file start.cif (mmCIF, C-alpha atoms and all ligand atoms)
data_protein
#
loop_
_atom_site.label_atom_id
_atom_site.label_comp_id
_atom_site.auth_asym_id
_atom_site.auth_seq_id
_atom_site.Cartn_x
_atom_site.Cartn_y
_atom_site.Cartn_z
CA MET A 1 19.41 -18.86 4.90
CA GLY A 2 15.69 -18.42 5.20
CA TRP A 3 13.89 -15.37 3.99
CA PHE A 4 11.05 -15.60 6.48
CA LYS A 5 12.45 -12.83 8.64
CA ARG A 6 12.20 -10.46 5.73
CA SER A 7 8.69 -11.21 4.57
CA PRO A 8 6.36 -12.74 7.14
CA TRP A 9 2.73 -12.61 6.07
CA VAL A 10 0.22 -12.51 8.87
CA LEU A 11 -3.25 -13.95 9.00
CA HIS A 12 -5.37 -12.45 11.73
CA TYR A 13 -8.25 -14.41 13.22
CA ASN A 14 -10.67 -13.15 15.82
CA ALA A 15 -11.66 -16.15 17.96
CA THR A 16 -13.99 -14.38 20.39
CA SER A 17 -12.20 -11.18 21.07
CA CYS A 18 -14.05 -8.14 22.45
CA ASN A 19 -12.56 -6.27 19.44
CA GLY A 20 -10.11 -4.39 21.64
CA CYS A 21 -7.17 -6.48 20.48
CA ASP A 22 -8.39 -6.52 16.88
CA ILE A 23 -8.33 -2.76 16.76
CA GLU A 24 -4.79 -2.80 18.10
CA VAL A 25 -3.74 -5.29 15.41
CA ILE A 26 -5.17 -3.01 12.74
CA VAL A 27 -3.59 0.02 14.38
CA SER A 28 -0.16 -1.53 13.95
CA LEU A 29 -0.71 -1.32 10.17
CA THR A 30 -1.44 2.40 10.22
CA PRO A 31 1.14 5.12 9.42
CA LEU A 32 2.15 5.57 13.06
CA TYR A 33 3.41 1.99 13.50
CA ASP A 34 3.55 0.77 9.88
CA LEU A 35 4.09 -2.98 10.09
CA GLU A 36 4.82 -3.08 6.36
CA ARG A 37 8.25 -1.51 6.84
CA PHE A 38 9.33 -4.96 8.08
CA GLY A 39 7.84 -6.54 4.96
CA ILE A 40 4.90 -7.77 7.01
CA ILE A 41 1.64 -8.06 5.10
CA ASN A 42 -1.75 -8.57 6.65
CA THR A 43 -3.24 -11.20 4.37
CA GLY A 44 -6.76 -12.56 4.45
CA ASN A 45 -5.80 -15.92 3.03
CA PRO A 46 -4.48 -18.79 5.17
CA LYS A 47 -2.74 -20.35 2.14
CA HIS A 48 -0.50 -17.30 1.83
CA ALA A 49 0.16 -16.80 5.51
CA ASP A 50 3.21 -17.65 7.64
CA ILE A 51 1.99 -16.34 10.96
CA LEU A 52 -1.43 -16.88 12.51
CA ALA A 53 -2.26 -14.09 14.93
CA VAL A 54 -5.22 -15.01 17.09
CA THR A 55 -7.10 -12.61 19.31
CA GLY A 56 -9.66 -13.57 21.93
CA SER A 57 -10.37 -16.74 23.86
CA VAL A 58 -11.44 -19.92 22.10
CA ASN A 59 -14.91 -21.38 22.46
CA GLU A 60 -16.68 -24.40 21.00
CA LYS A 61 -17.76 -22.45 17.91
CA SER A 62 -14.44 -20.87 17.01
CA ARG A 63 -12.40 -23.99 17.78
CA GLN A 64 -13.10 -25.74 14.48
CA VAL A 65 -12.55 -22.58 12.44
CA LEU A 66 -9.22 -22.03 14.13
CA LEU A 67 -8.12 -25.59 13.43
CA ASN A 68 -9.22 -25.28 9.80
CA LEU A 69 -7.26 -22.09 9.30
CA TYR A 70 -4.18 -23.56 10.91
CA GLU A 71 -4.30 -26.68 8.78
CA GLN A 72 -4.64 -24.69 5.57
CA MET A 73 -1.44 -22.78 6.20
CA PRO A 74 1.63 -24.20 4.46
CA ASN A 75 4.65 -25.05 6.62
CA PRO A 76 6.62 -23.54 8.25
CA LYS A 77 4.07 -21.64 10.30
CA VAL A 78 3.80 -20.13 13.77
CA VAL A 79 0.95 -19.08 16.01
CA VAL A 80 0.93 -15.83 17.96
CA ALA A 81 -1.62 -15.36 20.73
CA VAL A 82 -2.41 -11.66 20.92
CA GLY A 83 -3.90 -10.29 24.12
CA LEU A 84 -4.68 -11.81 27.51
CA CYS A 85 -7.84 -13.55 26.24
CA ALA A 86 -5.82 -15.45 23.66
CA THR A 87 -3.05 -16.34 26.09
CA SER A 88 -5.17 -17.56 28.99
CA GLY A 89 -8.85 -16.72 28.59
CA CYS A 90 -8.52 -13.61 30.76
CA VAL A 91 -11.66 -12.79 32.74
CA PHE A 92 -13.71 -15.08 30.52
CA GLN A 93 -11.91 -18.29 31.43
CA ASP A 94 -14.62 -19.43 33.84
CA CYS A 95 -17.47 -18.96 31.37
CA TYR A 96 -19.35 -22.16 30.61
CA ASN A 97 -18.67 -21.92 26.85
CA VAL A 98 -15.02 -20.81 26.92
CA LEU A 99 -12.31 -23.40 26.45
CA GLY A 100 -9.54 -21.02 27.47
CA GLY A 101 -6.54 -19.63 25.63
CA VAL A 102 -5.51 -20.53 22.11
CA ASP A 103 -3.00 -23.05 23.45
CA LYS A 104 -5.91 -25.33 24.35
CA VAL A 105 -6.35 -25.93 20.62
CA LEU A 106 -3.15 -25.01 18.78
CA PRO A 107 0.57 -25.04 19.62
CA VAL A 108 1.22 -21.38 20.46
CA ASP A 109 4.75 -20.10 19.80
CA VAL A 110 4.55 -16.52 21.03
CA TYR A 111 2.36 -15.01 23.76
CA VAL A 112 1.70 -11.28 23.56
CA PRO A 113 0.27 -10.07 26.88
CA GLY A 114 -1.89 -7.02 27.53
CA CYS A 115 -5.56 -6.14 27.66
CA ALA A 116 -5.62 -4.84 25.05
CA ALA A 117 -2.15 -5.74 23.76
CA ARG A 118 -0.37 -2.58 22.70
CA PRO A 119 0.72 -2.20 19.06
CA GLU A 120 4.36 -2.03 20.17
CA SER A 121 4.13 -5.39 21.89
CA ILE A 122 2.23 -6.90 18.96
CA ILE A 123 5.03 -5.83 16.61
CA ASP A 124 7.59 -7.24 19.05
CA GLY A 125 5.66 -10.49 19.22
CA ILE A 126 5.47 -10.83 15.46
CA LEU A 127 9.17 -10.13 15.01
CA LYS A 128 9.86 -12.76 17.68
CA ALA A 129 7.64 -15.11 15.69
CA CYS A 130 9.80 -14.46 12.62
CA GLU A 131 12.82 -15.87 14.45
CA ILE A 132 10.87 -18.99 15.39
CA LEU A 133 9.75 -19.24 11.77
CA GLU A 134 13.41 -19.26 10.70
CA GLU A 135 14.19 -21.94 13.27
CA LYS A 136 11.32 -24.09 12.09
CA TYR A 137 12.46 -23.69 8.53
CA SER A 138 16.00 -24.85 9.22
CA GLN A 139 14.67 -27.72 11.31
CA ARG A 140 12.36 -28.67 8.45
CA LYS A 141 15.25 -28.58 6.02
CA LYS A 142 17.31 -30.90 8.23
CA THR A 143 14.65 -33.43 9.07
CA GLY A 144 12.62 -33.08 5.91
CA TYR A 145 9.40 -32.49 7.79
CA PRO A 146 8.12 -30.15 10.48
CA ALA A 147 8.77 -31.11 14.05
CA ALA A 148 6.24 -33.93 14.00
CA LYS A 149 2.80 -33.42 15.56
CA GLU A 150 3.51 -30.21 17.34
CA MET B 1 22.48 5.77 -23.92
CA ASN B 2 23.02 6.08 -27.65
CA THR B 3 25.92 3.64 -27.46
CA ILE B 4 23.77 1.25 -25.44
CA HIS B 5 21.13 1.66 -28.08
CA GLU B 6 23.60 0.78 -30.82
CA ILE B 7 24.89 -2.26 -28.97
CA VAL B 8 21.33 -3.50 -28.60
CA LEU B 9 20.71 -2.87 -32.29
CA ASN B 10 23.71 -5.02 -33.19
CA TRP B 11 22.47 -7.96 -31.14
CA GLY B 12 20.87 -10.92 -32.84
CA ILE B 13 17.39 -12.13 -32.06
CA PHE B 14 18.51 -14.75 -29.55
CA GLU B 15 20.76 -12.39 -27.65
CA ARG B 16 17.90 -9.95 -27.23
CA MET B 17 15.54 -12.70 -26.15
CA LEU B 18 18.06 -13.94 -23.61
CA ALA B 19 18.61 -10.40 -22.33
CA PHE B 20 14.86 -10.05 -21.80
CA VAL B 21 14.49 -13.40 -20.04
CA LEU B 22 17.33 -12.60 -17.64
CA LEU B 23 16.90 -8.87 -17.07
CA ALA B 24 13.13 -8.40 -17.11
CA PRO B 25 12.47 -10.06 -13.72
CA LEU B 26 15.15 -7.87 -12.13
CA VAL B 27 13.68 -4.70 -13.61
CA GLY B 28 10.11 -5.81 -12.96
CA GLY B 29 10.84 -6.77 -9.35
CA LEU B 30 12.60 -3.49 -8.73
CA LEU B 31 9.67 -1.60 -10.23
CA ALA B 32 7.30 -3.53 -7.97
CA GLY B 33 9.46 -2.60 -4.97
CA ILE B 34 9.46 1.06 -5.97
CA ASP B 35 5.69 0.77 -6.37
CA ARG B 36 5.28 -0.43 -2.80
CA LYS B 37 7.63 2.19 -1.40
CA VAL B 38 5.99 5.05 -3.28
CA SER B 39 2.50 3.81 -2.39
CA ALA B 40 3.50 3.73 1.28
CA ARG B 41 4.85 7.28 1.07
CA PHE B 42 1.59 8.42 -0.48
CA GLN B 43 -0.18 7.04 2.59
CA GLY B 44 2.24 8.69 4.98
CA ARG B 45 3.96 5.41 5.85
CA TYR B 46 7.64 4.52 5.73
CA GLY B 47 7.12 1.50 3.53
CA PRO B 48 9.02 -1.76 2.98
CA PRO B 49 12.54 -1.95 1.52
CA VAL B 50 12.74 -1.52 -2.25
CA LEU B 51 13.94 -5.12 -2.62
CA GLN B 52 10.89 -6.44 -0.75
CA PRO B 53 9.29 -8.16 -3.78
CA PHE B 54 12.43 -10.29 -4.18
CA TYR B 55 12.39 -11.22 -0.48
CA ASP B 56 8.75 -12.23 -0.85
CA ALA B 57 9.50 -14.36 -3.89
CA PHE B 58 12.48 -16.06 -2.21
CA LYS B 59 10.39 -16.80 0.84
CA LEU B 60 7.54 -18.22 -1.22
CA PHE B 61 9.97 -20.65 -2.85
CA GLN B 62 10.93 -21.90 0.61
CA LYS B 63 7.38 -22.62 1.69
CA GLU B 64 5.79 -26.03 1.67
CA LYS B 65 4.02 -26.93 -1.58
CA ILE B 66 0.29 -27.39 -1.22
CA ILE B 67 -1.38 -28.35 -4.45
CA VAL B 68 -5.14 -28.65 -4.76
CA ASN B 69 -5.01 -30.55 -8.05
CA LYS B 70 -2.34 -31.27 -10.61
CA PHE B 71 -3.78 -29.03 -13.35
CA GLN B 72 -3.43 -25.99 -11.16
CA ASP B 73 0.33 -25.69 -11.40
CA PHE B 74 0.33 -26.78 -15.02
CA ASN B 75 -1.78 -23.75 -15.94
CA ILE B 76 0.40 -21.36 -14.01
CA VAL B 77 3.60 -22.66 -15.59
CA LEU B 78 2.00 -22.16 -19.00
CA PHE B 79 0.94 -18.67 -17.93
CA LEU B 80 4.53 -17.85 -17.05
CA LEU B 81 5.96 -19.46 -20.20
CA PHE B 82 3.63 -17.63 -22.56
CA THR B 83 4.20 -14.32 -20.78
CA ILE B 84 7.96 -14.79 -21.17
CA PHE B 85 7.44 -15.90 -24.77
CA SER B 86 5.45 -12.80 -25.70
CA GLY B 87 7.93 -10.53 -23.94
CA ALA B 88 10.86 -12.22 -25.66
CA LEU B 89 9.15 -11.85 -29.05
CA PHE B 90 8.55 -8.20 -28.37
CA PHE B 91 12.09 -7.40 -27.31
CA ALA B 92 13.52 -9.47 -30.16
CA GLY B 93 11.73 -7.05 -32.47
CA ALA B 94 9.27 -9.58 -33.88
CA ASP B 95 5.62 -9.14 -34.80
CA LEU B 96 3.59 -6.91 -32.47
CA LEU B 97 0.33 -8.74 -33.22
CA LEU B 98 1.85 -12.10 -32.32
CA THR B 99 3.09 -10.61 -29.04
CA ILE B 100 -0.38 -9.34 -28.20
CA PHE B 101 -2.08 -12.62 -29.01
CA SER B 102 0.33 -14.76 -27.05
CA LEU B 103 -0.04 -12.38 -24.11
CA ALA B 104 -3.80 -12.89 -24.34
CA LEU B 105 -3.21 -16.65 -24.40
CA ALA B 106 -1.08 -16.35 -21.27
CA GLY B 107 -3.92 -14.50 -19.57
CA THR B 108 -6.30 -17.26 -20.57
CA PHE B 109 -4.15 -19.88 -18.87
CA PHE B 110 -4.15 -17.77 -15.73
CA VAL B 111 -7.95 -17.70 -15.78
CA LEU B 112 -8.06 -21.46 -16.32
CA GLY B 113 -5.79 -21.87 -13.31
CA GLY B 114 -8.33 -19.94 -11.27
CA PHE B 115 -11.23 -22.04 -12.56
CA CYS B 116 -9.66 -25.47 -12.05
CA VAL B 117 -9.89 -25.31 -8.25
CA GLY B 118 -12.97 -25.56 -6.07
CA SER B 119 -12.83 -22.31 -4.14
CA PRO B 120 -15.73 -19.95 -4.91
CA TYR B 121 -13.45 -16.96 -4.26
CA SER B 122 -11.09 -18.19 -6.91
CA HIS B 123 -13.97 -18.68 -9.35
CA LEU B 124 -15.25 -15.18 -8.69
CA GLY B 125 -11.75 -13.82 -9.26
CA ALA B 126 -11.44 -15.78 -12.51
CA GLU B 127 -14.80 -14.50 -13.75
CA ARG B 128 -13.76 -10.94 -13.01
CA GLU B 129 -10.44 -11.56 -14.75
CA ILE B 130 -12.35 -12.56 -17.90
CA ILE B 131 -14.39 -9.36 -17.70
CA GLN B 132 -11.17 -7.39 -17.36
CA GLN B 133 -9.69 -9.16 -20.36
CA VAL B 134 -12.71 -8.35 -22.48
CA ALA B 135 -12.45 -4.76 -21.27
CA TYR B 136 -8.80 -4.20 -22.20
CA GLU B 137 -8.21 -6.46 -25.19
CA PRO B 138 -9.81 -4.24 -27.92
CA MET B 139 -7.65 -1.29 -26.94
CA ILE B 140 -4.43 -3.33 -27.06
CA ILE B 141 -5.28 -4.50 -30.56
CA LEU B 142 -6.02 -0.90 -31.56
CA VAL B 143 -2.49 0.00 -30.43
CA ALA B 144 -1.07 -2.48 -32.94
CA ILE B 145 -3.43 -1.28 -35.70
CA GLY B 146 -2.62 2.37 -35.07
CA MET B 147 1.11 1.70 -35.17
CA TYR B 148 0.66 -0.21 -38.39
CA GLN B 149 -1.23 2.67 -39.96
CA VAL B 150 1.57 5.09 -39.18
CA THR B 151 4.64 2.97 -39.83
CA GLY B 152 3.28 0.46 -42.35
CA SER B 153 4.64 -2.48 -40.38
CA PHE B 154 3.70 -4.72 -37.47
CA LYS B 155 7.35 -5.45 -36.70
CA VAL B 156 8.45 -4.06 -33.36
CA SER B 157 11.96 -3.42 -34.64
CA VAL B 158 10.63 -1.22 -37.45
CA ILE B 159 8.20 0.62 -35.18
CA ALA B 160 10.86 1.29 -32.53
CA GLN B 161 13.19 2.88 -35.08
CA TYR B 162 10.59 4.93 -36.90
CA GLU B 163 11.96 8.49 -37.11
CA LEU B 164 8.74 10.46 -36.71
CA PRO B 165 7.18 10.64 -33.24
CA LEU B 166 4.33 8.13 -33.15
CA ILE B 167 2.70 9.95 -30.27
CA LEU B 168 1.82 12.89 -32.56
CA TYR B 169 -0.14 10.57 -34.83
CA LEU B 170 -1.63 8.44 -32.08
CA PRO B 171 -2.46 10.66 -29.09
CA GLY B 172 -5.91 9.10 -28.72
CA VAL B 173 -4.57 5.58 -28.92
CA PHE B 174 -1.95 6.41 -26.31
CA ALA B 175 -4.58 7.88 -23.99
CA GLY B 176 -6.73 4.78 -24.41
CA PHE B 177 -3.70 2.57 -23.78
CA LEU B 178 -2.95 4.48 -20.56
CA TYR B 179 -6.51 3.84 -19.44
CA ILE B 180 -6.39 0.08 -19.90
CA LEU B 181 -2.82 -0.06 -18.56
CA THR B 182 -4.36 0.47 -15.14
CA ILE B 183 -6.24 -2.78 -15.62
CA LYS B 184 -3.16 -4.61 -16.85
CA PHE B 185 -1.03 -3.41 -13.93
CA ARG B 186 -3.78 -4.60 -11.57
CA LYS B 187 -4.21 -1.21 -9.98
CA SER B 188 -7.23 0.46 -8.42
CA PRO B 189 -9.87 1.30 -9.56
CA PHE B 190 -9.63 -1.81 -11.75
CA ASP B 191 -8.10 -4.40 -9.43
CA LEU B 192 -11.25 -6.50 -9.46
CA SER B 193 -9.84 -9.98 -9.83
CA MET B 194 -7.03 -9.74 -7.30
CA SER B 195 -5.69 -6.82 -5.35
CA HIS B 196 -2.17 -6.33 -4.12
CA HIS B 197 -3.31 -4.16 -1.27
CA ALA B 198 -5.68 -5.03 1.55
CA HIS B 199 -7.12 -8.38 0.68
CA GLN B 200 -10.69 -7.45 0.30
CA GLU B 201 -14.05 -9.03 -0.22
CA ILE B 202 -12.95 -11.98 -2.34
CA VAL B 203 -10.00 -12.94 -0.11
CA ARG B 204 -7.31 -12.87 -2.77
CA GLY B 205 -9.44 -13.51 -5.82
CA LEU B 206 -7.75 -15.49 -8.53
CA THR B 207 -4.75 -16.45 -6.41
CA THR B 208 -6.72 -17.67 -3.40
CA GLU B 209 -5.77 -21.31 -3.90
CA PHE B 210 -2.19 -20.73 -4.99
CA SER B 211 0.52 -20.87 -2.39
CA GLY B 212 4.27 -21.18 -2.07
CA SER B 213 6.32 -21.42 -5.24
CA THR B 214 3.29 -21.25 -7.55
CA LEU B 215 2.35 -17.90 -6.08
CA ALA B 216 5.93 -16.76 -6.63
CA LEU B 217 5.68 -17.81 -10.29
CA ILE B 218 2.52 -15.74 -10.68
CA GLU B 219 4.32 -12.76 -9.19
CA ILE B 220 7.31 -13.25 -11.52
CA ALA B 221 5.03 -13.56 -14.54
CA HIS B 222 3.49 -10.27 -13.47
CA TRP B 223 6.95 -8.66 -13.43
CA TYR B 224 7.65 -9.88 -16.96
CA GLU B 225 4.28 -8.59 -18.08
CA ASN B 226 4.89 -5.15 -16.59
CA VAL B 227 8.20 -4.79 -18.39
CA LEU B 228 6.56 -5.83 -21.65
CA LEU B 229 3.77 -3.26 -21.19
CA LEU B 230 6.24 -0.49 -20.43
CA GLY B 231 8.05 -1.56 -23.59
CA MET B 232 4.84 -0.89 -25.49
CA VAL B 233 4.72 2.58 -23.96
CA TYR B 234 8.30 3.00 -25.21
CA LEU B 235 7.19 2.38 -28.79
CA PHE B 236 5.08 5.53 -28.81
CA PHE B 237 8.21 7.62 -28.17
CA GLY B 238 10.69 5.43 -30.05
CA PHE B 239 12.08 8.42 -31.99
CA ASN B 240 14.01 9.47 -28.89
CA PRO B 241 15.18 6.62 -26.60
CA TRP B 242 15.89 8.89 -23.64
CA LEU B 243 12.47 10.45 -23.77
CA ALA B 244 10.90 7.05 -24.31
CA VAL B 245 12.47 5.50 -21.19
CA PHE B 246 11.54 8.59 -19.20
CA VAL B 247 7.93 8.47 -20.33
CA ALA B 248 7.70 4.73 -19.61
CA LEU B 249 8.84 5.32 -16.02
CA ALA B 250 6.59 8.36 -15.67
CA THR B 251 3.67 6.22 -16.84
CA TYR B 252 4.41 3.72 -14.11
CA LEU B 253 4.47 6.46 -11.44
CA PHE B 254 1.27 7.87 -12.88
CA GLU B 255 -0.42 4.48 -12.49
CA ILE B 256 0.70 4.32 -8.85
CA PHE B 257 -0.77 7.78 -8.35
CA ILE B 258 -4.09 6.66 -9.84
CA ASP B 259 -3.96 3.53 -7.70
CA MET B 260 -3.65 5.56 -4.52
CA ASN B 261 -6.45 7.95 -5.40
CA TYR B 262 -9.30 5.68 -6.37
CA ALA B 263 -11.53 3.20 -4.69
CA ARG B 264 -12.44 0.10 -6.64
CA PHE B 265 -15.01 0.33 -9.46
CA LYS B 266 -17.81 -2.14 -9.99
CA TRP B 267 -17.28 -4.48 -12.91
CA GLN B 268 -20.07 -2.85 -14.95
CA LEU B 269 -18.37 0.52 -14.67
CA THR B 270 -14.96 -0.98 -15.41
CA PHE B 271 -16.21 -2.70 -18.52
CA GLY B 272 -18.41 0.16 -19.76
CA SER B 273 -15.90 2.91 -19.16
CA SER B 274 -12.98 1.10 -20.80
CA TRP B 275 -15.01 0.27 -23.92
CA LEU B 276 -16.33 3.82 -24.05
CA PHE B 277 -12.82 5.18 -23.72
CA THR B 278 -11.57 2.74 -26.33
CA ALA B 279 -14.27 3.94 -28.72
CA VAL B 280 -13.87 7.64 -28.05
CA ALA B 281 -10.10 7.86 -27.89
CA GLY B 282 -8.85 4.80 -29.77
CA VAL B 283 -11.30 4.18 -32.61
CA SER B 284 -11.77 7.86 -33.42
CA ASN B 285 -8.00 8.29 -33.60
CA ILE B 286 -7.75 5.37 -36.03
CA ILE B 287 -10.60 6.76 -38.18
CA VAL B 288 -9.01 10.23 -38.35
CA LEU B 289 -5.69 8.64 -39.32
CA SER B 290 -7.25 6.65 -42.14
CA LEU B 291 -9.04 9.77 -43.43
CA MET B 292 -5.80 11.75 -43.39
CA ARG B 293 -3.90 9.22 -45.46
S1 LIG C 301 -7.39 -9.19 25.99
FE1 LIG C 301 -8.78 -7.52 26.61
S2 LIG C 301 -8.92 -6.22 24.82
FE2 LIG C 301 -8.08 -8.17 24.12
S3 LIG C 301 -9.83 -9.36 23.48
FE3 LIG C 301 -9.49 -9.86 25.61
S4 LIG C 301 -10.79 -8.49 26.79
FE4 LIG C 301 -10.62 -7.65 24.69
#
call {"tool": "encode", "arguments": {"input": "start.cif", "output": "structure tokens"}}
result
Amino acid sequence: MGWFKRSPWVLHYNATSCNGCDIEVIVSLTPLYDLERFGIINTGNPKHADILAVTGSVNEKSRQVLLNLYEQMPNPKVVVAVGLCATSGCVFQDCYNVLGGVDKVLPVDVYVPGCAARPESIIDGILKACEILEEKYSQRKKTGYPAAKE
Amino acid sequence: MNTIHEIVLNWGIFERMLAFVLLAPLVGGLLAGIDRKVSARFQGRYGPPVLQPFYDAFKLFQKEKIIVNKFQDFNIVLFLLFTIFSGALFFAGADLLLTIFSLALAGTFFVLGGFCVGSPYSHLGAEREIIQQVAYEPMIILVAIGMYQVTGSFKVSVIAQYELPLILYLPGVFAGFLYILTIKFRKSPFDLSMSHHAHQEIVRGLTTEFSGSTLALIEIAHWYENVLLLGMVYLFFGFNPWLAVFVALATYLFEIFIDMNYARFKWQLTFGSSWLFTAVAGVSNIIVLSLMR
């Protein structure tokens, strides 16, 4: 059995969010929602993280940072796109510098909709991500390595 | 409790060492879990389950191993081994000075682990860890000296069974020890090198480059260390085992309380205040003791 469900550590990265979704991510750590009761920790270090929560659409500048962060995370890992910007680009998708949602750069496992995404749905999304984390772990154990080149 | 005490007294050195090696991580992990729960309650949150630290450690062992260079893990394993060694010595009733020195050696390996990688955050954390070590080390040695002055022995087994209450002779030393215990437990306001809570300005300080099972080893070493330090608190009240265990636990809760109430100090203040406190409380206590004799 994997223990990922019981202690997923989240790394939050702001690609080019308007800060609306970021505030909601932080709000889910406050006493009202208290993410930590699920054992979830908001870490600032990609090497300790299991889940990468990205807010905001991706542009040329944030693309490389995002890739770097993702590559530094040890397997198994999942990506959660928080907010409409991160899922599709939202109203910014036609901008000349915007590439679009996070899935243009990284394999996204969970999409959390909403502008801004509500704390309840962020928590739901992260718990969903835990299940995928468990799946990836058992797959990794069987095949020895992560589902190649996701 | 008295019967438990007698059973422990009848054990040989190796049985006691084995008991420490096996039981200390359980106790330490549980204490860490209680720490997180109580901290959460202080902040008006529900908090994680009490067994959370164990879940975290199990998970970390299941993660992929990413090693920056081969010396990194070597240092951490030595850190763990020497922490266990000093704890085992302590609980076997051996020399208190030897315990303290091997604990200092363990800390040195931890610092070396932080220095052997390239990350500037890790280096900053390691530098701060050295400052912390310099801040707390004099006081820990004063604890051993004070106990020697009262009991006439450095042996933990003799000190623990001394009939008179040590705390009456060493109130200053105990106060000084409480002060630096906050540094050793890595609590605010002295959590300069790495903080358990919100990962602040230096990412995760000393542990920035450690991941997966190595990070779990660091955490486990920390559990061993905590149990050892609470054992040192026990020594001050060794005349009454019940009271001693109670005070050790109360000390831990007190440290959590301090942790919740303070913002982080700058390193200058950390260093200056702990040396000042060591001088005022610890050294003066030792001087008074030697004048009384
Ligand atoms: S989804 Fe809305 S709130 Fe979130 S980053 Fe985009 S524009 Fe801001």
call {"tool": "residues_near_ligand", "arguments": {"input": "start.cif", "ligand": "ligand LIG 301 (chain C)", "cutoff": "12 Å", "atoms": "all atoms listed in the file", "output": "MDAnalysis selection string"}}
result
chainID A and resid 13:25 54:58 81:93 100:102 111:119 122
call {"tool": "closest_atom_pairs", "arguments": {"input": "start.cif", "of": "chain B", "to": "chain A", "cutoff": "7 Å", "atoms": "all atoms listed in the file", "output": "tab-separated table"}}
result
residue	atom	partner	partner_atom	distance
B:Gly44	CA	A:Pro31	CA	5.8
B:Arg45	CA	A:Pro31	CA	4.6
B:Tyr46	CA	A:Arg37	CA	6.2
B:Gly47	CA	A:Arg37	CA	4.6
B:Pro48	CA	A:Arg37	CA	3.9
B:Pro49	CA	A:Arg37	CA	6.8
B:Gln52	CA	A:Gly39	CA	6.5
B:Tyr55	CA	A:Arg6	CA	6.3
B:Asp56	CA	A:Ser7	CA	5.5
B:Phe58	CA	A:Trp3	CA	6.4
B:Lys59	CA	A:Trp3	CA	4.9
B:Lys63	CA	A:Asn75	CA	6.1
B:Glu64	CA	A:Asn75	CA	5.2
B:Ile66	CA	A:Pro74	CA	6.7
B:His199	CA	A:Gly44	CA	5.6
B:Val203	CA	A:Gly44	CA	5.6
B:Arg204	CA	A:Asn45	CA	6.7
B:Thr208	CA	A:Asn45	CA	6.7
B:Glu209	CA	A:Lys47	CA	6.8
B:Ser211	CA	A:Lys47	CA	5.6
call {"tool": "closest_residue", "arguments": {"input": "start.cif", "among": "A:Lys128, A:Lys104, A:Lys136, A:His12", "to": "Glu60 of chain A", "atoms": "all atoms listed in the file"}}
result
A:Lys104
call {"tool": "atom_distance", "arguments": {"input": "start.cif", "atom1": "atom CA of Phe271 of chain B", "atom2": "atom CA of Ile131 of chain B"}}
result
7.0 Å
call {"tool": "atom_distance", "arguments": {"input": "start.cif", "atom1": "atom CA of Glu71 of chain A", "atom2": "atom CA of Ala126 of chain B"}}
result
25.0 Å
call {"tool": "residues_near_point", "arguments": {"input": "start.cif", "point": "(0.4, -15.8, -12.4)", "cutoff": "7 Å", "atoms": "only C-alpha atoms", "output": "list in words"}}
result
Ile76, Phe79, Leu80, Phe110, Leu215, Leu217, Ile218, Glu219, Ala221 and His222 of chain B
call {"tool": "residues_around", "arguments": {"input": "start.cif", "residues": "Leu192 of chain B", "least_positions_apart": "2", "cutoff": "9 Å", "atoms": "only C-alpha atoms", "output": "PDB file with C-alpha atoms, in the frame of the given file"}}
result
ATOM      1  CA  GLY B 125     -11.750 -13.820  -9.260  1.00  0.00           C
ATOM      2  CA  ARG B 128     -13.760 -10.940 -13.010  1.00  0.00           C
ATOM      3  CA  GLU B 129     -10.440 -11.560 -14.750  1.00  0.00           C
ATOM      4  CA  GLN B 132     -11.170  -7.390 -17.360  1.00  0.00           C
ATOM      5  CA  ILE B 183      -6.240  -2.780 -15.620  1.00  0.00           C
ATOM      6  CA  ARG B 186      -3.780  -4.600 -11.570  1.00  0.00           C
ATOM      7  CA  LYS B 187      -4.210  -1.210  -9.980  1.00  0.00           C
ATOM      8  CA  SER B 188      -7.230   0.460  -8.420  1.00  0.00           C
ATOM      9  CA  PRO B 189      -9.870   1.300  -9.560  1.00  0.00           C
ATOM     10  CA  PHE B 190      -9.630  -1.810 -11.750  1.00  0.00           C
ATOM     11  CA  MET B 194      -7.030  -9.740  -7.300  1.00  0.00           C
ATOM     12  CA  SER B 195      -5.690  -6.820  -5.350  1.00  0.00           C
ATOM     13  CA  GLY B 205      -9.440 -13.510  -5.820  1.00  0.00           C
ATOM     14  CA  ARG B 264     -12.440   0.100  -6.640  1.00  0.00           C
ATOM     15  CA  PHE B 265     -15.010   0.330  -9.460  1.00  0.00           C
ATOM     16  CA  LYS B 266     -17.810  -2.140  -9.990  1.00  0.00           C
ATOM     17  CA  TRP B 267     -17.280  -4.480 -12.910  1.00  0.00           C
ATOM     18  CA  THR B 270     -14.960  -0.980 -15.410  1.00  0.00           C
TER      19      THR B 270
END
call {"tool": "atom_distance", "arguments": {"input": "start.cif", "atom1": "atom CA of Pro138 of chain B", "atom2": "atom CA of Leu105 of chain B"}}
result
14.5 Å
call {"tool": "residues_near_point", "arguments": {"input": "start.cif", "point": "(4.9, -18.0, 22.9)", "cutoff": "6 Å", "atoms": "all atoms listed in the file", "output": "list in words"}}
result
Val108, Asp109, Val110 and Tyr111 of chain A
call {"tool": "closest_residue", "arguments": {"input": "start.cif", "among": "B:Thr214, B:Thr99, B:Gln133, B:Ser284", "to": "Lys184 of chain B", "atoms": "all atoms listed in the file"}}
result
B:Gln133
